[in-house]
Amino acid sequence: MRATSSPTSSSADRRVLRRALELAARGSGLTFPNPRVGAVLVRGSKIIGEGWHHRAGAPHAEVHAVRAAKRAGHAVGGATLYVSLEPCSTRGRTPPCTGLILREKIARVVFAATDPNPAHAGAATKLLRAAGVQVSHGLLAKEAAALNLDFNWWVVNKRPWVVAKIALSLDGRTTTPPGDDRWLTSPQARRAAHQLRWESDAILIGAETARRDNPQLTIRLPGAPRGKLQPLRVVVTKSGRLPRSLRLFTDAHRKRTVVFRHRPLDQVMAELGAREITHVLVEGGGQILTEAFRLGLVNEVAFFIAPALMGTMPRALYELGAKVQFHNVTYQQVGADLLCRALVSD
């Protein structure tokens, strides 16, 4: 069977591969430190099985697709497998998917993005082609890579993808005046903020925010699917003096709280990366956020802008000393507020 080195371009391939990407997105917030991956099995023009990766240590998307096809009574041999990411070719927590493809005698594999790990990139392609499997790749590669920006960054840099989340007024302030216990942003914006937590492996704040706000840093999304591990709650403190009565140390998730004392923020990020934390949401306060920008640690921003003026309240960021530019900027109205998301330019 002849293998091809050029990206597949048929409309059918594009349609089914896009479905694999849709399936992969279901793993958002659930798979760390693994990537989000979706897979679709096709015989002729009919989809016979679908699957997506649910969590690290569980079967990969390809396995779920094969099992779904067999449960429905379909033969897998000779079928085409569409995958959002190059199938794994080495054993990790689970066996390599290339072995599954060969055992099941799948005739053709179409994947979008190449494995971001330089040590593994292209390995599956070579192995499968050597065994006579037709392999095509590259179609929808950018879209597939965008699904795993955090994982791809962590694999290459050994540090987590960092998202800076800020809720601020029109004049750049972060809190309401003393005695005013109303939220700065709308309920819709706060729900969107919890979605950001869902997408994260860890939520990081400074000691000042921990003392002042006594936050829970938990995910509160009604109707959200089960299986999400509470993100690690990280507090960075110079003094190490934090009240033990804080909810971070007393609630049901207290074992998911980590305190870093006397550590520069770049060192904290390196240590989190070593713990297989791929995606960190920095929620404040201003000093921590400013330091993260100054050190070039921020990869993405999520700014919730409220239609209010706060005057003399604390500013969201201190003087950065350098210009920060963004790309891939999007704006979305959430309730009365505006959510600006963007990637930080190099």
# chains A, B, ... in the order shown; residues from 1 in each chain; ligands from 1
$ residues_around --residues "range 298-306 of chain A" --least-positions-apart "3" --cutoff "6 Å" --atoms "only C-alpha atoms" --output "ChimeraX atom specification"
/A:162-169,185,293,337-344
$ write_last_selection --atoms "N, CA, C and O atoms" --output "PDB file, in the first residue's frame"
ATOM      1  N   VAL A 162       0.925  30.027  30.842  1.00  0.00           N
ATOM      2  CA  VAL A 162       0.458  30.940  31.890  1.00  0.00           C
ATOM      3  C   VAL A 162      -0.577  31.905  31.330  1.00  0.00           C
ATOM      4  O   VAL A 162      -0.318  32.623  30.364  1.00  0.00           O
ATOM      5  N   VAL A 163      -1.754  31.902  31.950  1.00  0.00           N
ATOM      6  CA  VAL A 163      -2.827  32.817  31.591  1.00  0.00           C
ATOM      7  C   VAL A 163      -3.016  33.817  32.724  1.00  0.00           C
ATOM      8  O   VAL A 163      -3.207  33.424  33.878  1.00  0.00           O
ATOM      9  N   ALA A 164      -2.942  35.104  32.414  1.00  0.00           N
ATOM     10  CA  ALA A 164      -3.163  36.162  33.400  1.00  0.00           C
ATOM     11  C   ALA A 164      -4.617  36.594  33.328  1.00  0.00           C
ATOM     12  O   ALA A 164      -5.072  37.101  32.307  1.00  0.00           O
ATOM     13  N   LYS A 165      -5.347  36.377  34.408  1.00  0.00           N
ATOM     14  CA  LYS A 165      -6.761  36.762  34.462  1.00  0.00           C
ATOM     15  C   LYS A 165      -6.900  37.988  35.364  1.00  0.00           C
ATOM     16  O   LYS A 165      -6.428  38.000  36.502  1.00  0.00           O
ATOM     17  N   ILE A 166      -7.549  39.019  34.835  1.00  0.00           N
ATOM     18  CA  ILE A 166      -7.740  40.250  35.594  1.00  0.00           C
ATOM     19  C   ILE A 166      -9.164  40.750  35.380  1.00  0.00           C
ATOM     20  O   ILE A 166      -9.651  40.797  34.251  1.00  0.00           O
ATOM     21  N   ALA A 167      -9.817  41.129  36.462  1.00  0.00           N
ATOM     22  CA  ALA A 167     -11.096  41.845  36.390  1.00  0.00           C
ATOM     23  C   ALA A 167     -10.805  43.290  36.783  1.00  0.00           C
ATOM     24  O   ALA A 167     -10.278  43.550  37.868  1.00  0.00           O
ATOM     25  N   LEU A 168     -11.137  44.207  35.906  1.00  0.00           N
ATOM     26  CA  LEU A 168     -10.787  45.604  36.159  1.00  0.00           C
ATOM     27  C   LEU A 168     -11.861  46.554  35.663  1.00  0.00           C
ATOM     28  O   LEU A 168     -12.662  46.220  34.786  1.00  0.00           O
ATOM     29  N   SER A 169     -11.863  47.734  36.246  1.00  0.00           N
ATOM     30  CA  SER A 169     -12.784  48.786  35.844  1.00  0.00           C
ATOM     31  C   SER A 169     -12.240  49.516  34.629  1.00  0.00           C
ATOM     32  O   SER A 169     -11.121  49.266  34.182  1.00  0.00           O
ATOM     33  N   THR A 185     -17.537  42.646  38.650  1.00  0.00           N
ATOM     34  CA  THR A 185     -18.034  42.152  37.366  1.00  0.00           C
ATOM     35  C   THR A 185     -19.386  41.448  37.532  1.00  0.00           C
ATOM     36  O   THR A 185     -19.815  41.137  38.642  1.00  0.00           O
ATOM     37  N   PHE A 293       4.351  39.516  34.168  1.00  0.00           N
ATOM     38  CA  PHE A 293       4.552  40.215  32.899  1.00  0.00           C
ATOM     39  C   PHE A 293       5.998  40.662  32.746  1.00  0.00           C
ATOM     40  O   PHE A 293       6.597  40.540  31.673  1.00  0.00           O
ATOM     41  N   ASP A 337     -20.208  43.087  30.991  1.00  0.00           N
ATOM     42  CA  ASP A 337     -18.767  43.241  30.905  1.00  0.00           C
ATOM     43  C   ASP A 337     -18.225  42.827  29.537  1.00  0.00           C
ATOM     44  O   ASP A 337     -18.912  42.182  28.741  1.00  0.00           O
ATOM     45  N   LEU A 338     -16.973  43.165  29.309  1.00  0.00           N
ATOM     46  CA  LEU A 338     -16.282  42.799  28.076  1.00  0.00           C
ATOM     47  C   LEU A 338     -15.099  41.903  28.430  1.00  0.00           C
ATOM     48  O   LEU A 338     -14.278  42.260  29.275  1.00  0.00           O
ATOM     49  N   LEU A 339     -15.039  40.726  27.810  1.00  0.00           N
ATOM     50  CA  LEU A 339     -13.915  39.817  28.012  1.00  0.00           C
ATOM     51  C   LEU A 339     -12.974  39.924  26.824  1.00  0.00           C
ATOM     52  O   LEU A 339     -13.373  39.655  25.687  1.00  0.00           O
ATOM     53  N   CYS A 340     -11.756  40.326  27.083  1.00  0.00           N
ATOM     54  CA  CYS A 340     -10.714  40.396  26.068  1.00  0.00           C
ATOM     55  C   CYS A 340      -9.740  39.264  26.309  1.00  0.00           C
ATOM     56  O   CYS A 340      -9.130  39.180  27.383  1.00  0.00           O
ATOM     57  N   ARG A 341      -9.585  38.377  25.323  1.00  0.00           N
ATOM     58  CA  ARG A 341      -8.595  37.303  25.397  1.00  0.00           C
ATOM     59  C   ARG A 341      -7.600  37.498  24.269  1.00  0.00           C
ATOM     60  O   ARG A 341      -7.963  37.881  23.138  1.00  0.00           O
ATOM     61  N   ALA A 342      -6.336  37.245  24.557  1.00  0.00           N
ATOM     62  CA  ALA A 342      -5.296  37.443  23.561  1.00  0.00           C
ATOM     63  C   ALA A 342      -4.052  36.674  23.945  1.00  0.00           C
ATOM     64  O   ALA A 342      -3.848  36.333  25.119  1.00  0.00           O
ATOM     65  N   LEU A 343      -3.215  36.381  22.954  1.00  0.00           N
ATOM     66  CA  LEU A 343      -1.925  35.760  23.199  1.00  0.00           C
ATOM     67  C   LEU A 343      -0.873  36.853  23.288  1.00  0.00           C
ATOM     68  O   LEU A 343      -0.943  37.874  22.597  1.00  0.00           O
ATOM     69  N   VAL A 344       0.103  36.643  24.144  1.00  0.00           N
ATOM     70  CA  VAL A 344       1.184  37.615  24.327  1.00  0.00           C
ATOM     71  C   VAL A 344       2.207  37.421  23.218  1.00  0.00           C
ATOM     72  O   VAL A 344       2.683  36.304  22.980  1.00  0.00           O
TER      73      VAL A 344
END
$ select_by_dssp --residues "range 107-255 of chain A" --states "strand (DSSP E)" --output "PyMOL selection string"
chain A and resi 108-113+134-137+161-169+202-206+232-237
$ residues_around --residues "Ala56 in chain A" --least-positions-apart "5" --cutoff "12 Å" --atoms "only C-alpha atoms" --output "JSON, numbers by chain"
{"A": [27, 29, 30, 31, 32, 33, 34, 35, 36, 37, 61, 92, 93, 94, 227, 228, 229, 276]}
$ closest_residue --among "A:Glu319, A:Glu50, A:Asp171, A:Glu143" --to "Ala72 in chain A" --atoms "only C-alpha atoms"
A:Glu50
$ closest_residue --among "A:Val329, A:Ala210, A:Leu149, A:Leu232" --to "Trp161 in chain A" --atoms "only C-alpha atoms"
A:Leu149
